[in-house]
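Q: Below is the structure I would like to discuss, written out as structure tokens.
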Amino acid sequence: MRRREFLTITSVGGAALVSRAALPLNAKLVREEKTMAYTAKEYSKLIGMAGFSETLLKNHFTLYQGYVTNTNKVLDALAALLKEAKTATPEFAELKRRLGWEFDGMRLHEYYFENLGGKAALDVNGKLGKKIVESFGTYEAWEKDFKAVGAMRGIGWAVLYQDTADGRLINFWVNEHDVGHPAGCPPILIMDVFEHAFMIDYGLKRADYIEAFFKNIDWKAAEARLK
Ligand SMILES: [Fe+2]
């Protein structure tokens, strides 16, 4: 959790942050909700990846940083409205609706960049390889389905999710950033198919971008997400 509750102790000479264990018995406690801001992660190691120009990647990193900034802004604005008892307002409702879009825009890009930069093919006898075969019959059937999801018209994400209720893997289409996520399921492999993810390098040839994506999957990173 990024939002943490801090205990502040008011004493002669001002306030200081202290741990719960260190509080004197007679201390006057003041609880404060403090928002811990998200920080954009660094993915410049991906520059030089085959099939992705530096211009495209740098633009994409900048877009991602915008989602981090806006997630922080929305959380701060919501915290302020709560503090001012303005929760029964259109502003509060609209910001709450917006939060899922900004937050998912941030987090999905992190999953995406973190499952790129790989060089080795999937080990079909490894944990993830076996799970894919178990869920789809063959690796080829899974790949065909995942690519078909990525090629769907519209802007969004192709996501291989694991249903932790029974362990199976399912490919999902996520519209924009926030519509279509299966509840409670961890994403295993994420592919961005917003136009900004490929148009600079591939124009309208989304299929060529998908091929380039597949050549750069970090399968170890994907496998590590399995439950
Ligand atoms: Fe993106």
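Following the order of the structure tokens, first chain is A, next is B, and so on, with residues numbered from 1 inside each chain and ligands from 1 in the order they appear.
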Please identify which residues in stretch 8-224 of chain A DSSP calls alpha helix (DSSP H) from the backbone, and express them as a PDB file with N, CA and C atoms, in the first residue's frame.
A:
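The result, stored in part.pdb:
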ATOM      1  N   GLU A  54      14.521   4.146 -30.898  1.00  0.00           N
ATOM      2  CA  GLU A  54      14.735   4.947 -29.688  1.00  0.00           C
ATOM      3  C   GLU A  54      13.646   6.019 -29.558  1.00  0.00           C
ATOM      4  N   THR A  55      13.270   6.606 -30.690  1.00  0.00           N
ATOM      5  CA  THR A  55      12.226   7.644 -30.659  1.00  0.00           C
ATOM      6  C   THR A  55      10.918   7.084 -30.117  1.00  0.00           C
ATOM      7  N   LEU A  56      10.536   5.911 -30.621  1.00  0.00           N
ATOM      8  CA  LEU A  56       9.280   5.305 -30.154  1.00  0.00           C
ATOM      9  C   LEU A  56       9.350   5.015 -28.657  1.00  0.00           C
ATOM     10  N   LEU A  57      10.450   4.411 -28.235  1.00  0.00           N
ATOM     11  CA  LEU A  57      10.548   4.046 -26.815  1.00  0.00           C
ATOM     12  C   LEU A  57      10.569   5.276 -25.916  1.00  0.00           C
ATOM     13  N   LYS A  58      11.307   6.303 -26.321  1.00  0.00           N
ATOM     14  CA  LYS A  58      11.362   7.506 -25.478  1.00  0.00           C
ATOM     15  C   LYS A  58      10.000   8.195 -25.397  1.00  0.00           C
ATOM     16  N   ASN A  59       9.282   8.219 -26.496  1.00  0.00           N
ATOM     17  CA  ASN A  59       7.920   8.761 -26.451  1.00  0.00           C
ATOM     18  C   ASN A  59       7.042   7.942 -25.514  1.00  0.00           C
ATOM     19  N   HIS A  60       7.225   6.635 -25.583  1.00  0.00           N
ATOM     20  CA  HIS A  60       6.403   5.744 -24.756  1.00  0.00           C
ATOM     21  C   HIS A  60       6.735   5.925 -23.270  1.00  0.00           C
ATOM     22  N   PHE A  61       8.012   6.094 -22.957  1.00  0.00           N
ATOM     23  CA  PHE A  61       8.402   6.325 -21.555  1.00  0.00           C
ATOM     24  C   PHE A  61       7.773   7.626 -21.047  1.00  0.00           C
ATOM     25  N   THR A  62       7.763   8.642 -21.915  1.00  0.00           N
ATOM     26  CA  THR A  62       7.186   9.935 -21.513  1.00  0.00           C
ATOM     27  C   THR A  62       5.685   9.796 -21.249  1.00  0.00           C
ATOM     28  N   LEU A  63       5.011   9.040 -22.108  1.00  0.00           N
ATOM     29  CA  LEU A  63       3.575   8.811 -21.885  1.00  0.00           C
ATOM     30  C   LEU A  63       3.339   8.101 -20.554  1.00  0.00           C
ATOM     31  N   TYR A  64       4.152   7.096 -20.300  1.00  0.00           N
ATOM     32  CA  TYR A  64       4.044   6.348 -19.032  1.00  0.00           C
ATOM     33  C   TYR A  64       4.247   7.280 -17.842  1.00  0.00           C
ATOM     34  N   GLN A  65       5.257   8.135 -17.930  1.00  0.00           N
ATOM     35  CA  GLN A  65       5.515   9.068 -16.820  1.00  0.00           C
ATOM     36  C   GLN A  65       4.303   9.969 -16.574  1.00  0.00           C
ATOM     37  N   GLY A  66       3.571  10.299 -17.642  1.00  0.00           N
ATOM     38  CA  GLY A  66       2.356  11.097 -17.498  1.00  0.00           C
ATOM     39  C   GLY A  66       1.300  10.377 -16.664  1.00  0.00           C
ATOM     40  N   TYR A  67       1.215   9.061 -16.853  1.00  0.00           N
ATOM     41  CA  TYR A  67       0.245   8.301 -16.049  1.00  0.00           C
ATOM     42  C   TYR A  67       0.638   8.289 -14.572  1.00  0.00           C
ATOM     43  N   VAL A  68       1.923   8.206 -14.307  1.00  0.00           N
ATOM     44  CA  VAL A  68       2.383   8.233 -12.911  1.00  0.00           C
ATOM     45  C   VAL A  68       2.041   9.597 -12.294  1.00  0.00           C
ATOM     46  N   THR A  69       2.348  10.656 -13.016  1.00  0.00           N
ATOM     47  CA  THR A  69       2.055  12.008 -12.530  1.00  0.00           C
ATOM     48  C   THR A  69       0.564  12.182 -12.265  1.00  0.00           C
ATOM     49  N   ASN A  70      -0.242  11.729 -13.221  1.00  0.00           N
ATOM     50  CA  ASN A  70      -1.689  11.931 -13.077  1.00  0.00           C
ATOM     51  C   ASN A  70      -2.302  11.041 -12.006  1.00  0.00           C
ATOM     52  N   THR A  71      -1.748   9.850 -11.808  1.00  0.00           N
ATOM     53  CA  THR A  71      -2.225   9.004 -10.710  1.00  0.00           C
ATOM     54  C   THR A  71      -1.992   9.727  -9.386  1.00  0.00           C
ATOM     55  N   ASN A  72      -0.827  10.310  -9.232  1.00  0.00           N
ATOM     56  CA  ASN A  72      -0.537  11.069  -8.003  1.00  0.00           C
ATOM     57  C   ASN A  72      -1.477  12.254  -7.853  1.00  0.00           C
ATOM     58  N   LYS A  73      -1.715  12.958  -8.954  1.00  0.00           N
ATOM     59  CA  LYS A  73      -2.601  14.134  -8.896  1.00  0.00           C
ATOM     60  C   LYS A  73      -4.023  13.745  -8.493  1.00  0.00           C
ATOM     61  N   VAL A  74      -4.516  12.661  -9.088  1.00  0.00           N
ATOM     62  CA  VAL A  74      -5.892  12.231  -8.781  1.00  0.00           C
ATOM     63  C   VAL A  74      -5.994  11.785  -7.321  1.00  0.00           C
ATOM     64  N   LEU A  75      -4.992  11.032  -6.851  1.00  0.00           N
ATOM     65  CA  LEU A  75      -5.016  10.595  -5.444  1.00  0.00           C
ATOM     66  C   LEU A  75      -4.961  11.791  -4.501  1.00  0.00           C
ATOM     67  N   ASP A  76      -4.136  12.768  -4.826  1.00  0.00           N
ATOM     68  CA  ASP A  76      -4.034  13.957  -3.974  1.00  0.00           C
ATOM     69  C   ASP A  76      -5.352  14.736  -3.960  1.00  0.00           C
ATOM     70  N   ALA A  77      -5.945  14.883  -5.151  1.00  0.00           N
ATOM     71  CA  ALA A  77      -7.202  15.641  -5.244  1.00  0.00           C
ATOM     72  C   ALA A  77      -8.318  14.923  -4.479  1.00  0.00           C
ATOM     73  N   LEU A  78      -8.360  13.600  -4.571  1.00  0.00           N
ATOM     74  CA  LEU A  78      -9.375  12.835  -3.840  1.00  0.00           C
ATOM     75  C   LEU A  78      -9.159  12.942  -2.328  1.00  0.00           C
ATOM     76  N   ALA A  79      -7.907  12.896  -1.911  1.00  0.00           N
ATOM     77  CA  ALA A  79      -7.611  13.022  -0.482  1.00  0.00           C
ATOM     78  C   ALA A  79      -8.044  14.392   0.033  1.00  0.00           C
ATOM     79  N   ALA A  80      -7.847  15.420  -0.782  1.00  0.00           N
ATOM     80  CA  ALA A  80      -8.242  16.774  -0.375  1.00  0.00           C
ATOM     81  C   ALA A  80      -9.764  16.878  -0.261  1.00  0.00           C
ATOM     82  N   LEU A  81     -10.478  16.279  -1.214  1.00  0.00           N
ATOM     83  CA  LEU A  81     -11.948  16.319  -1.166  1.00  0.00           C
ATOM     84  C   LEU A  81     -12.477  15.578   0.058  1.00  0.00           C
ATOM     85  N   LEU A  82     -11.829  14.461   0.384  1.00  0.00           N
ATOM     86  CA  LEU A  82     -12.240  13.705   1.574  1.00  0.00           C
ATOM     87  C   LEU A  82     -12.025  14.544   2.834  1.00  0.00           C
ATOM     88  N   LYS A  83     -10.888  15.183   2.899  1.00  0.00           N
ATOM     89  CA  LYS A  83     -10.555  15.998   4.064  1.00  0.00           C
ATOM     90  C   LYS A  83     -11.525  17.170   4.225  1.00  0.00           C
ATOM     91  N   PRO A  90     -19.937  15.956  -7.614  1.00  0.00           N
ATOM     92  CA  PRO A  90     -19.576  15.410  -8.942  1.00  0.00           C
ATOM     93  C   PRO A  90     -18.061  15.303  -9.102  1.00  0.00           C
ATOM     94  N   GLU A  91     -17.329  16.226  -8.509  1.00  0.00           N
ATOM     95  CA  GLU A  91     -15.859  16.203  -8.635  1.00  0.00           C
ATOM     96  C   GLU A  91     -15.290  14.909  -8.034  1.00  0.00           C
ATOM     97  N   PHE A  92     -15.772  14.553  -6.839  1.00  0.00           N
ATOM     98  CA  PHE A  92     -15.295  13.336  -6.179  1.00  0.00           C
ATOM     99  C   PHE A  92     -15.629  12.105  -7.032  1.00  0.00           C
ATOM    100  N   ALA A  93     -16.882  12.044  -7.503  1.00  0.00           N
ATOM    101  CA  ALA A  93     -17.322  10.878  -8.287  1.00  0.00           C
ATOM    102  C   ALA A  93     -16.518  10.752  -9.580  1.00  0.00           C
ATOM    103  N   GLU A  94     -16.319  11.861 -10.259  1.00  0.00           N
ATOM    104  CA  GLU A  94     -15.595  11.788 -11.533  1.00  0.00           C
ATOM    105  C   GLU A  94     -14.127  11.441 -11.326  1.00  0.00           C
ATOM    106  N   LEU A  95     -13.526  11.968 -10.271  1.00  0.00           N
ATOM    107  CA  LEU A  95     -12.123  11.625  -9.993  1.00  0.00           C
ATOM    108  C   LEU A  95     -11.974  10.160  -9.608  1.00  0.00           C
ATOM    109  N   LYS A  96     -12.954   9.637  -8.842  1.00  0.00           N
ATOM    110  CA  LYS A  96     -12.921   8.210  -8.502  1.00  0.00           C
ATOM    111  C   LYS A  96     -13.009   7.361  -9.767  1.00  0.00           C
ATOM    112  N   ARG A  97     -13.853   7.797 -10.720  1.00  0.00           N
ATOM    113  CA  ARG A  97     -13.952   7.062 -11.980  1.00  0.00           C
ATOM    114  C   ARG A  97     -12.640   7.161 -12.753  1.00  0.00           C
ATOM    115  N   ARG A  98     -12.034   8.300 -12.706  1.00  0.00           N
ATOM    116  CA  ARG A  98     -10.788   8.545 -13.430  1.00  0.00           C
ATOM    117  C   ARG A  98      -9.607   7.751 -12.858  1.00  0.00           C
ATOM    118  N   LEU A  99      -9.669   7.492 -11.564  1.00  0.00           N
ATOM    119  CA  LEU A  99      -8.537   6.858 -10.884  1.00  0.00           C
ATOM    120  C   LEU A  99      -8.157   5.516 -11.514  1.00  0.00           C
ATOM    121  N   GLY A 100      -9.152   4.703 -11.844  1.00  0.00           N
ATOM    122  CA  GLY A 100      -8.867   3.390 -12.438  1.00  0.00           C
ATOM    123  C   GLY A 100      -8.143   3.526 -13.767  1.00  0.00           C
ATOM    124  N   TRP A 101      -8.520   4.516 -14.537  1.00  0.00           N
ATOM    125  CA  TRP A 101      -7.897   4.722 -15.857  1.00  0.00           C
ATOM    126  C   TRP A 101      -6.449   5.157 -15.713  1.00  0.00           C
ATOM    127  N   GLU A 102      -6.202   6.120 -14.857  1.00  0.00           N
ATOM    128  CA  GLU A 102      -4.826   6.602 -14.677  1.00  0.00           C
ATOM    129  C   GLU A 102      -3.951   5.544 -14.001  1.00  0.00           C
ATOM    130  N   PHE A 103      -4.465   4.934 -12.950  1.00  0.00           N
ATOM    131  CA  PHE A 103      -3.685   3.930 -12.220  1.00  0.00           C
ATOM    132  C   PHE A 103      -3.350   2.746 -13.130  1.00  0.00           C
ATOM    133  N   ASP A 104      -4.366   2.246 -13.846  1.00  0.00           N
ATOM    134  CA  ASP A 104      -4.108   1.115 -14.734  1.00  0.00           C
ATOM    135  C   ASP A 104      -3.165   1.509 -15.871  1.00  0.00           C
ATOM    136  N   GLY A 105      -3.289   2.755 -16.346  1.00  0.00           N
ATOM    137  CA  GLY A 105      -2.363   3.233 -17.374  1.00  0.00           C
ATOM    138  C   GLY A 105      -0.932   3.202 -16.872  1.00  0.00           C
ATOM    139  N   MET A 106      -0.756   3.535 -15.610  1.00  0.00           N
ATOM    140  CA  MET A 106       0.576   3.486 -14.994  1.00  0.00           C
ATOM    141  C   MET A 106       1.044   2.032 -14.839  1.00  0.00           C
ATOM    142  N   ARG A 107       0.252   1.230 -14.168  1.00  0.00           N
ATOM    143  CA  ARG A 107       0.691  -0.115 -13.800  1.00  0.00           C
ATOM    144  C   ARG A 107       0.842  -1.041 -15.010  1.00  0.00           C
ATOM    145  N   LEU A 108      -0.088  -0.919 -15.985  1.00  0.00           N
ATOM    146  CA  LEU A 108       0.007  -1.783 -17.170  1.00  0.00           C
ATOM    147  C   LEU A 108       1.275  -1.500 -17.958  1.00  0.00           C
ATOM    148  N   HIS A 109       1.663  -0.225 -18.037  1.00  0.00           N
ATOM    149  CA  HIS A 109       2.925   0.090 -18.724  1.00  0.00           C
ATOM    150  C   HIS A 109       4.112  -0.523 -17.985  1.00  0.00           C
ATOM    151  N   GLU A 110       4.059  -0.545 -16.667  1.00  0.00           N
ATOM    152  CA  GLU A 110       5.165  -1.149 -15.906  1.00  0.00           C
ATOM    153  C   GLU A 110       5.254  -2.646 -16.208  1.00  0.00           C
ATOM    154  N   TYR A 111       4.105  -3.336 -16.194  1.00  0.00           N
ATOM    155  CA  TYR A 111       4.123  -4.760 -16.554  1.00  0.00           C
ATOM    156  C   TYR A 111       4.659  -4.953 -17.975  1.00  0.00           C
ATOM    157  N   TYR A 112       4.209  -4.087 -18.879  1.00  0.00           N
ATOM    158  CA  TYR A 112       4.598  -4.193 -20.295  1.00  0.00           C
ATOM    159  C   TYR A 112       6.107  -4.017 -20.471  1.00  0.00           C
ATOM    160  N   PHE A 113       6.643  -2.915 -19.942  1.00  0.00           N
ATOM    161  CA  PHE A 113       8.080  -2.690 -20.109  1.00  0.00           C
ATOM    162  C   PHE A 113       8.890  -3.789 -19.412  1.00  0.00           C
ATOM    163  N   GLU A 114       8.362  -4.276 -18.302  1.00  0.00           N
ATOM    164  CA  GLU A 114       9.109  -5.295 -17.540  1.00  0.00           C
ATOM    165  C   GLU A 114       9.031  -6.686 -18.167  1.00  0.00           C
ATOM    166  N   LYS A 127       7.867 -23.937 -16.168  1.00  0.00           N
ATOM    167  CA  LYS A 127       6.600 -23.777 -15.436  1.00  0.00           C
ATOM    168  C   LYS A 127       5.532 -23.068 -16.280  1.00  0.00           C
ATOM    169  N   LEU A 128       5.924 -21.961 -16.921  1.00  0.00           N
ATOM    170  CA  LEU A 128       4.956 -21.199 -17.728  1.00  0.00           C
ATOM    171  C   LEU A 128       4.604 -21.950 -19.012  1.00  0.00           C
ATOM    172  N   GLY A 129       5.629 -22.517 -19.640  1.00  0.00           N
ATOM    173  CA  GLY A 129       5.389 -23.269 -20.875  1.00  0.00           C
ATOM    174  C   GLY A 129       4.389 -24.400 -20.649  1.00  0.00           C
ATOM    175  N   LYS A 130       4.575 -25.129 -19.577  1.00  0.00           N
ATOM    176  CA  LYS A 130       3.663 -26.239 -19.272  1.00  0.00           C
ATOM    177  C   LYS A 130       2.241 -25.736 -18.992  1.00  0.00           C
ATOM    178  N   LYS A 131       2.186 -24.612 -18.287  1.00  0.00           N
ATOM    179  CA  LYS A 131       0.864 -24.048 -17.947  1.00  0.00           C
ATOM    180  C   LYS A 131       0.123 -23.576 -19.203  1.00  0.00           C
ATOM    181  N   ILE A 132       0.878 -22.996 -20.147  1.00  0.00           N
ATOM    182  CA  ILE A 132       0.268 -22.556 -21.410  1.00  0.00           C
ATOM    183  C   ILE A 132      -0.281 -23.763 -22.169  1.00  0.00           C
ATOM    184  N   VAL A 133       0.518 -24.816 -22.257  1.00  0.00           N
ATOM    185  CA  VAL A 133       0.073 -26.022 -22.973  1.00  0.00           C
ATOM    186  C   VAL A 133      -1.139 -26.644 -22.278  1.00  0.00           C
ATOM    187  N   GLU A 134      -1.086 -26.656 -20.965  1.00  0.00           N
ATOM    188  CA  GLU A 134      -2.208 -27.199 -20.171  1.00  0.00           C
ATOM    189  C   GLU A 134      -3.496 -26.417 -20.445  1.00  0.00           C
ATOM    190  N   SER A 135      -3.365 -25.097 -20.611  1.00  0.00           N
ATOM    191  CA  SER A 135      -4.539 -24.238 -20.762  1.00  0.00           C
ATOM    192  C   SER A 135      -5.038 -24.140 -22.197  1.00  0.00           C
ATOM    193  N   PHE A 136      -4.118 -24.246 -23.179  1.00  0.00           N
ATOM    194  CA  PHE A 136      -4.503 -24.006 -24.577  1.00  0.00           C
ATOM    195  C   PHE A 136      -4.326 -25.221 -25.482  1.00  0.00           C
ATOM    196  N   TYR A 139       1.397 -24.650 -27.387  1.00  0.00           N
ATOM    197  CA  TYR A 139       1.932 -23.286 -27.332  1.00  0.00           C
ATOM    198  C   TYR A 139       1.427 -22.493 -28.539  1.00  0.00           C
ATOM    199  N   GLU A 140       1.409 -23.142 -29.697  1.00  0.00           N
ATOM    200  CA  GLU A 140       1.014 -22.469 -30.937  1.00  0.00           C
ATOM    201  C   GLU A 140      -0.427 -21.958 -30.857  1.00  0.00           C
ATOM    202  N   ALA A 141      -1.291 -22.734 -30.233  1.00  0.00           N
ATOM    203  CA  ALA A 141      -2.694 -22.296 -30.086  1.00  0.00           C
ATOM    204  C   ALA A 141      -2.765 -21.048 -29.204  1.00  0.00           C
ATOM    205  N   TRP A 142      -1.971 -21.028 -28.127  1.00  0.00           N
ATOM    206  CA  TRP A 142      -1.965 -19.847 -27.264  1.00  0.00           C
ATOM    207  C   TRP A 142      -1.477 -18.620 -28.035  1.00  0.00           C
ATOM    208  N   GLU A 143      -0.351 -18.807 -28.760  1.00  0.00           N
ATOM    209  CA  GLU A 143       0.242 -17.668 -29.481  1.00  0.00           C
ATOM    210  C   GLU A 143      -0.739 -17.116 -30.524  1.00  0.00           C
ATOM    211  N   LYS A 144      -1.420 -18.003 -31.214  1.00  0.00           N
ATOM    212  CA  LYS A 144      -2.397 -17.590 -32.233  1.00  0.00           C
ATOM    213  C   LYS A 144      -3.511 -16.768 -31.583  1.00  0.00           C
ATOM    214  N   ASP A 145      -3.972 -17.225 -30.440  1.00  0.00           N
ATOM    215  CA  ASP A 145      -5.057 -16.532 -29.727  1.00  0.00           C
ATOM    216  C   ASP A 145      -4.577 -15.185 -29.202  1.00  0.00           C
ATOM    217  N   PHE A 146      -3.386 -15.154 -28.611  1.00  0.00           N
ATOM    218  CA  PHE A 146      -2.864 -13.903 -28.044  1.00  0.00           C
ATOM    219  C   PHE A 146      -2.649 -12.867 -29.145  1.00  0.00           C
ATOM    220  N   LYS A 147      -2.087 -13.307 -30.265  1.00  0.00           N
ATOM    221  CA  LYS A 147      -1.864 -12.383 -31.385  1.00  0.00           C
ATOM    222  C   LYS A 147      -3.194 -11.880 -31.943  1.00  0.00           C
ATOM    223  N   ALA A 148      -4.181 -12.755 -31.983  1.00  0.00           N
ATOM    224  CA  ALA A 148      -5.508 -12.354 -32.478  1.00  0.00           C
ATOM    225  C   ALA A 148      -6.132 -11.302 -31.557  1.00  0.00           C
ATOM    226  N   VAL A 149      -5.925 -11.457 -30.253  1.00  0.00           N
ATOM    227  CA  VAL A 149      -6.425 -10.449 -29.303  1.00  0.00           C
ATOM    228  C   VAL A 149      -5.718  -9.116 -29.570  1.00  0.00           C
ATOM    229  N   GLY A 150      -4.400  -9.178 -29.748  1.00  0.00           N
ATOM    230  CA  GLY A 150      -3.637  -7.959 -29.999  1.00  0.00           C
ATOM    231  C   GLY A 150      -4.012  -7.274 -31.295  1.00  0.00           C
ATOM    232  N   MET A 199       2.909   3.009 -33.890  1.00  0.00           N
ATOM    233  CA  MET A 199       2.729   3.784 -35.131  1.00  0.00           C
ATOM    234  C   MET A 199       3.983   4.498 -35.600  1.00  0.00           C
ATOM    235  N   ILE A 200       4.813   4.986 -34.684  1.00  0.00           N
ATOM    236  CA  ILE A 200       6.030   5.704 -35.088  1.00  0.00           C
ATOM    237  C   ILE A 200       6.926   4.797 -35.933  1.00  0.00           C
ATOM    238  N   ASP A 201       6.963   3.525 -35.591  1.00  0.00           N
ATOM    239  CA  ASP A 201       7.832   2.577 -36.315  1.00  0.00           C
ATOM    240  C   ASP A 201       7.104   1.785 -37.396  1.00  0.00           C
ATOM    241  N   TYR A 202       5.834   1.526 -37.187  1.00  0.00           N
ATOM    242  CA  TYR A 202       5.145   0.590 -38.079  1.00  0.00           C
ATOM    243  C   TYR A 202       3.932   1.160 -38.803  1.00  0.00           C
ATOM    244  N   ARG A 206       0.091  -3.110 -37.541  1.00  0.00           N
ATOM    245  CA  ARG A 206       0.111  -3.585 -36.155  1.00  0.00           C
ATOM    246  C   ARG A 206       0.663  -5.009 -36.066  1.00  0.00           C
ATOM    247  N   ALA A 207       0.361  -5.827 -37.071  1.00  0.00           N
ATOM    248  CA  ALA A 207       0.833  -7.220 -37.047  1.00  0.00           C
ATOM    249  C   ALA A 207       2.366  -7.275 -37.004  1.00  0.00           C
ATOM    250  N   ASP A 208       3.026  -6.327 -37.701  1.00  0.00           N
ATOM    251  CA  ASP A 208       4.497  -6.323 -37.697  1.00  0.00           C
ATOM    252  C   ASP A 208       5.027  -5.947 -36.309  1.00  0.00           C
ATOM    253  N   TYR A 209       4.346  -5.011 -35.663  1.00  0.00           N
ATOM    254  CA  TYR A 209       4.724  -4.650 -34.287  1.00  0.00           C
ATOM    255  C   TYR A 209       4.557  -5.857 -33.361  1.00  0.00           C
ATOM    256  N   ILE A 210       3.464  -6.580 -33.534  1.00  0.00           N
ATOM    257  CA  ILE A 210       3.221  -7.750 -32.671  1.00  0.00           C
ATOM    258  C   ILE A 210       4.342  -8.780 -32.856  1.00  0.00           C
ATOM    259  N   GLU A 211       4.795  -8.948 -34.087  1.00  0.00           N
ATOM    260  CA  GLU A 211       5.922  -9.868 -34.330  1.00  0.00           C
ATOM    261  C   GLU A 211       7.176  -9.375 -33.610  1.00  0.00           C
ATOM    262  N   ALA A 212       7.422  -8.053 -33.673  1.00  0.00           N
ATOM    263  CA  ALA A 212       8.602  -7.485 -32.988  1.00  0.00           C
ATOM    264  C   ALA A 212       8.467  -7.664 -31.480  1.00  0.00           C
ATOM    265  N   PHE A 213       7.266  -7.467 -30.967  1.00  0.00           N
ATOM    266  CA  PHE A 213       7.026  -7.679 -29.533  1.00  0.00           C
ATOM    267  C   PHE A 213       7.408  -9.111 -29.146  1.00  0.00           C
ATOM    268  N   PHE A 214       6.948 -10.062 -29.945  1.00  0.00           N
ATOM    269  CA  PHE A 214       7.211 -11.464 -29.602  1.00  0.00           C
ATOM    270  C   PHE A 214       8.700 -11.801 -29.601  1.00  0.00           C
ATOM    271  N   LYS A 215       9.472 -11.091 -30.424  1.00  0.00           N
ATOM    272  CA  LYS A 215      10.930 -11.362 -30.471  1.00  0.00           C
ATOM    273  C   LYS A 215      11.642 -10.811 -29.245  1.00  0.00           C
ATOM    274  N   TRP A 219      10.558 -13.833 -21.113  1.00  0.00           N
ATOM    275  CA  TRP A 219       9.720 -14.932 -20.616  1.00  0.00           C
ATOM    276  C   TRP A 219       9.971 -15.238 -19.146  1.00  0.00           C
ATOM    277  N   LYS A 220      11.201 -14.971 -18.703  1.00  0.00           N
ATOM    278  CA  LYS A 220      11.498 -15.210 -17.283  1.00  0.00           C
ATOM    279  C   LYS A 220      10.686 -14.261 -16.401  1.00  0.00           C
ATOM    280  N   ALA A 221      10.581 -12.991 -16.857  1.00  0.00           N
ATOM    281  CA  ALA A 221       9.792 -12.008 -16.103  1.00  0.00           C
ATOM    282  C   ALA A 221       8.325 -12.429 -16.078  1.00  0.00           C
ATOM    283  N   ALA A 222       7.831 -12.915 -17.233  1.00  0.00           N
ATOM    284  CA  ALA A 222       6.438 -13.365 -17.300  1.00  0.00           C
ATOM    285  C   ALA A 222       6.224 -14.571 -16.376  1.00  0.00           C
ATOM    286  N   GLU A 223       7.133 -15.516 -16.442  1.00  0.00           N
ATOM    287  CA  GLU A 223       7.009 -16.740 -15.642  1.00  0.00           C
ATOM    288  C   GLU A 223       7.006 -16.444 -14.146  1.00  0.00           C
TER     289      GLU A 223
END
Q: Output the neighbourhood of ligand 1 as a list in words, that is, all protein and nucleic acid residues with some atom at most 6 Å from the ligand, counting only C-alpha atoms and all ligand atoms.
A: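 So, counting only C-alpha atoms and all ligand atoms, the residues near ligand 1 are His60, Asp192, Phe194 and Ala197 of chain A.
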Q: In Å, how far is it from atom CA of A:Ala40 to atom CA of A:Gly118?
A: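 Atom CA of A:Ala40 sits 21.3 Å away from atom CA of A:Gly118.
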Q: Write down as an MDAnalysis selection string the residues of stretch 16-195 of chain A whose backbone DSSP state falls under strand (DSSP E).
A: chainID A and resid 16:17 28:35 156:162 169:175 187:192
Q: Between atom CA of A:Gly48 and atom CA of A:Met191, what is the distance in Å, rounded to a tenth?
A: 18.5 Å
Q: Point out the residue among A:Gln162, A:Gly167, A:Glu195, A:Glu42 with the least atom-to-atom distance to A:Pro182, counting only C-alpha atoms.
A: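 Closest candidate: A:Gln162.
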Q: Atom CA of A:Tyr161 and atom CA of A:Phe52 are how many Å apart?
A: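 Those two atoms sit 24.9 Å apart.
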Q: Could you give me, as a list in words, the residues within 9 Å of A:Pro186, counting only C-alpha atoms and dropping anything in the same chain fewer than 6 positions from it?
A: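 Selected residues are Leu160, Tyr161, Gln162, Asp163, Thr164, Arg225, Leu226 and Lys227 of chain A.
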